[in-house]
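These notes concern the structure reproduced below.
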Amino acid sequence: MSEDEIRHPALDGARWPVIGVRVRREEAGPRAASWRPAPRAVLQEVLLPCTWPELERLAEIATGRSRARVYVRDLGEAGPEQLLVLRLRGIPGAVRIDGPLAPVAEVLAARARTAALNVAAVHREAGRPQEARLWRTRARRILKDGRAARRGRSVRAASAGLPTLGRRS
């Protein structure tokens, strides 16, 4: 099964980490999205993705190791609720989230870690200890990256592309 074929756990009613994003909707789906208040935008809970490559990139963005853009799009077959999910690329139907990420960066990193721990728990309950251990290791790496970012080892703490050796610029 490829990464694109994985069904999101929230479609089956499972609890999954969410983050608040201000979204302005049209009939067809999201029209605009922002991390901060925006005209005619309503705060909505948006699901985190359920695949490791996307969770890893979101954690890198949240901890300052990457400056990639974050998008939001309809989950698809969600029914009347029209659940939204964070995405990393501008795929059809996705809307880029505008605004600074800094105020929600720590929350996003924590939620990505929670999602990884949720997947580890599912593997543990299914009797797959190796996969559970792998996902716990991934969650620990997100935690360590967040701590390193607070100490100044991040893209945001670099001056002209050169490391600042832990000093804030």
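Letters A, B, ... mark the chains of the structure tokens in the order given; residue numbers begin at 1 per chain; ligand numbers begin at 1, in order shown.
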
> Hey, what does DSSP flag as strand (DSSP E or B) within chain A? Can you give it to me as a ChimeraX atom specification?
Replying inline: /A:18-25,30-34,42-47,71-74,84-87,95-98,159,162

> With distances taken over only C-alpha atoms, which of A:Ile97, A:Leu11, A:Ala68, A:Leu84 is nearest to Ala38 of chain A?
Replying inline: A:Ile97

>> List the spatial neighbours of Trp135 of chain A as a PyMOL selection string - criterion: any atom at most 10 Å away, only C-alpha atoms, same-chain residues fewer than 4 positions off excluded.
In response: chain A and resi 52+113+115-121+123+129-131+139-141

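Remark: for Trp35 of chain A, the closest of the candidate residues A:Arg150, A:Arg133, A:Arg111, A:Arg96 is A:Arg96 (distances computed over only C-alpha atoms).
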
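Atom pair atom CA of Ala148 of chain A / atom CA of Arg65 of chain A: separated by 10.0 Å.
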
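Shortest atom-to-atom contact with Leu55 of chain A among A:Trp16, A:Arg87, A:Gln82, A:Glu106: A:Arg87, counting only C-alpha atoms.
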
> Suppose you want the space between atom CA of Arg138 of chain A and atom CA of Gly64 of chain A; what is it in Å?
Replying inline: 17.0 Å

> What residues in segment 42-144 of chain A get the DSSP label alpha helix (DSSP H)? Please answer as a PyMOL selection string.
Replying inline: chain A and resi 52-62+105-125+129-144

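From atom CA of Arg36 of chain A back to atom CA of Leu83 of chain A, the distance works out to 19.7 Å.
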
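Look at segment 18-27 of chain A: the protein and nucleic acid residues within 8 Å of it, using only C-alpha atoms and passing over chain neighbours fewer than 2 places away, are Trp16, Gly29, Pro30, Arg31, Ala32, Ala33, Ser34, Trp35, Arg36, Pro37, Ala38, Arg40, Ala41, Val42, Leu43, Gln44, Glu45, Val46, Leu47, Leu48, Val107, Leu108 and Arg111 of chain A.
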
Writing out the chosen residues with N, CA and C atoms as a PDB file, in the first residue's frame:
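Wrote it out as out-v4.pdb, contents follow:
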ATOM      1  N   TRP A  16      -7.723  11.969  16.584  1.00  0.00           N
ATOM      2  CA  TRP A  16      -6.488  12.328  15.896  1.00  0.00           C
ATOM      3  C   TRP A  16      -6.156  13.770  16.232  1.00  0.00           C
ATOM      4  N   GLY A  29     -15.211  24.294  -1.049  1.00  0.00           N
ATOM      5  CA  GLY A  29     -14.181  23.954  -0.069  1.00  0.00           C
ATOM      6  C   GLY A  29     -13.526  25.199   0.488  1.00  0.00           C
ATOM      7  N   PRO A  30     -12.326  25.057   1.051  1.00  0.00           N
ATOM      8  CA  PRO A  30     -11.647  26.218   1.629  1.00  0.00           C
ATOM      9  C   PRO A  30     -11.228  27.221   0.553  1.00  0.00           C
ATOM     10  N   ARG A  31     -11.420  28.487   0.846  1.00  0.00           N
ATOM     11  CA  ARG A  31     -11.046  29.558  -0.095  1.00  0.00           C
ATOM     12  C   ARG A  31      -9.760  30.237   0.351  1.00  0.00           C
ATOM     13  N   ALA A  32      -9.596  30.405   1.656  1.00  0.00           N
ATOM     14  CA  ALA A  32      -8.396  31.030   2.216  1.00  0.00           C
ATOM     15  C   ALA A  32      -8.185  30.461   3.614  1.00  0.00           C
ATOM     16  N   ALA A  33      -6.925  30.503   4.056  1.00  0.00           N
ATOM     17  CA  ALA A  33      -6.601  29.999   5.391  1.00  0.00           C
ATOM     18  C   ALA A  33      -5.490  30.860   5.978  1.00  0.00           C
ATOM     19  N   SER A  34      -5.511  30.994   7.309  1.00  0.00           N
ATOM     20  CA  SER A  34      -4.520  31.829   7.982  1.00  0.00           C
ATOM     21  C   SER A  34      -4.282  31.300   9.387  1.00  0.00           C
ATOM     22  N   TRP A  35      -3.066  31.487   9.879  1.00  0.00           N
ATOM     23  CA  TRP A  35      -2.745  31.122  11.253  1.00  0.00           C
ATOM     24  C   TRP A  35      -3.295  32.153  12.226  1.00  0.00           C
ATOM     25  N   ARG A  36      -3.498  33.376  11.759  1.00  0.00           N
ATOM     26  CA  ARG A  36      -3.974  34.458  12.627  1.00  0.00           C
ATOM     27  C   ARG A  36      -5.355  34.898  12.164  1.00  0.00           C
ATOM     28  N   PRO A  37      -6.061  35.704  12.950  1.00  0.00           N
ATOM     29  CA  PRO A  37      -7.396  36.154  12.543  1.00  0.00           C
ATOM     30  C   PRO A  37      -7.368  36.836  11.177  1.00  0.00           C
ATOM     31  N   ALA A  38      -8.392  36.544  10.382  1.00  0.00           N
ATOM     32  CA  ALA A  38      -8.514  37.103   9.031  1.00  0.00           C
ATOM     33  C   ALA A  38      -9.986  37.432   8.778  1.00  0.00           C
ATOM     34  N   ARG A  40     -13.643  37.363   7.643  1.00  0.00           N
ATOM     35  CA  ARG A  40     -14.601  36.315   7.296  1.00  0.00           C
ATOM     36  C   ARG A  40     -14.045  34.891   7.436  1.00  0.00           C
ATOM     37  N   ALA A  41     -13.014  34.744   8.222  1.00  0.00           N
ATOM     38  CA  ALA A  41     -12.443  33.416   8.464  1.00  0.00           C
ATOM     39  C   ALA A  41     -12.886  32.921   9.835  1.00  0.00           C
ATOM     40  N   VAL A  42     -13.189  31.653   9.899  1.00  0.00           N
ATOM     41  CA  VAL A  42     -13.673  31.032  11.135  1.00  0.00           C
ATOM     42  C   VAL A  42     -12.611  30.055  11.636  1.00  0.00           C
ATOM     43  N   LEU A  43     -12.352  30.089  12.937  1.00  0.00           N
ATOM     44  CA  LEU A  43     -11.405  29.156  13.525  1.00  0.00           C
ATOM     45  C   LEU A  43     -11.962  27.745  13.399  1.00  0.00           C
ATOM     46  N   GLN A  44     -11.177  26.865  12.830  1.00  0.00           N
ATOM     47  CA  GLN A  44     -11.614  25.503  12.599  1.00  0.00           C
ATOM     48  C   GLN A  44     -10.497  24.549  12.980  1.00  0.00           C
ATOM     49  N   GLU A  45     -10.870  23.386  13.508  1.00  0.00           N
ATOM     50  CA  GLU A  45      -9.873  22.380  13.850  1.00  0.00           C
ATOM     51  C   GLU A  45      -9.498  21.627  12.580  1.00  0.00           C
ATOM     52  N   VAL A  46      -8.210  21.595  12.276  1.00  0.00           N
ATOM     53  CA  VAL A  46      -7.698  20.942  11.082  1.00  0.00           C
ATOM     54  C   VAL A  46      -6.852  19.754  11.518  1.00  0.00           C
ATOM     55  N   LEU A  47      -7.084  18.605  10.910  1.00  0.00           N
ATOM     56  CA  LEU A  47      -6.363  17.377  11.253  1.00  0.00           C
ATOM     57  C   LEU A  47      -4.924  17.420  10.766  1.00  0.00           C
ATOM     58  N   LEU A  48      -4.037  16.772  11.492  1.00  0.00           N
ATOM     59  CA  LEU A  48      -2.687  16.563  11.010  1.00  0.00           C
ATOM     60  C   LEU A  48      -2.700  15.362  10.075  1.00  0.00           C
ATOM     61  N   VAL A 107       2.996  24.318  19.337  1.00  0.00           N
ATOM     62  CA  VAL A 107       1.782  23.492  19.367  1.00  0.00           C
ATOM     63  C   VAL A 107       1.792  22.506  18.200  1.00  0.00           C
ATOM     64  N   LEU A 108       2.193  22.977  17.022  1.00  0.00           N
ATOM     65  CA  LEU A 108       2.249  22.103  15.847  1.00  0.00           C
ATOM     66  C   LEU A 108       3.245  20.972  16.056  1.00  0.00           C
ATOM     67  N   ARG A 111       1.707  18.470  18.498  1.00  0.00           N
ATOM     68  CA  ARG A 111       0.644  17.678  17.884  1.00  0.00           C
ATOM     69  C   ARG A 111       1.214  16.646  16.911  1.00  0.00           C
TER      70      ARG A 111
END

> Using only C-alpha atoms, which of the listed residues (A:Val122, A:Leu143, A:Ala102, A:Ala110) sits closest to Ala14 of chain A?
Replying inline: A:Val122

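The neighbours of His8 of chain A here are the residues that come within 9 Å of it, using only C-alpha atoms and leaving out any residue fewer than 6 positions away in the same chain; they are Pro49, Cys50, Thr51 and Leu75 of chain A.
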
Got time to write the residues from that selection, N, CA and C atoms, as an mmCIF file, in the first residue's frame?
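Produced file again15.cif, reproduced below:
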data_model
loop_
_atom_site.group_PDB
_atom_site.id
_atom_site.type_symbol
_atom_site.label_atom_id
_atom_site.label_comp_id
_atom_site.auth_asym_id
_atom_site.auth_seq_id
_atom_site.Cartn_x
_atom_site.Cartn_y
_atom_site.Cartn_z
ATOM 1 N N PRO A 49 -1.753 15.282 9.145
ATOM 2 C CA PRO A 49 -1.709 14.118 8.248
ATOM 3 C C PRO A 49 -1.350 12.860 9.026
ATOM 4 N N CYS A 50 -1.544 11.700 8.408
ATOM 5 C CA CYS A 50 -1.297 10.445 9.119
ATOM 6 C C CYS A 50 -0.106 9.674 8.561
ATOM 7 N N THR A 51 0.604 10.207 7.581
ATOM 8 C CA THR A 51 1.763 9.508 7.032
ATOM 9 C C THR A 51 3.039 10.122 7.592
ATOM 10 N N LEU A 75 -10.423 16.742 3.437
ATOM 11 C CA LEU A 75 -9.927 15.378 3.591
ATOM 12 C C LEU A 75 -10.461 14.475 2.492
#

> Looking at only C-alpha atoms, which of A:Pro39, A:Thr137, A:Ala28, A:Ala112 is the one that sits closest to Leu58 of chain A?
Replying inline: A:Ala112
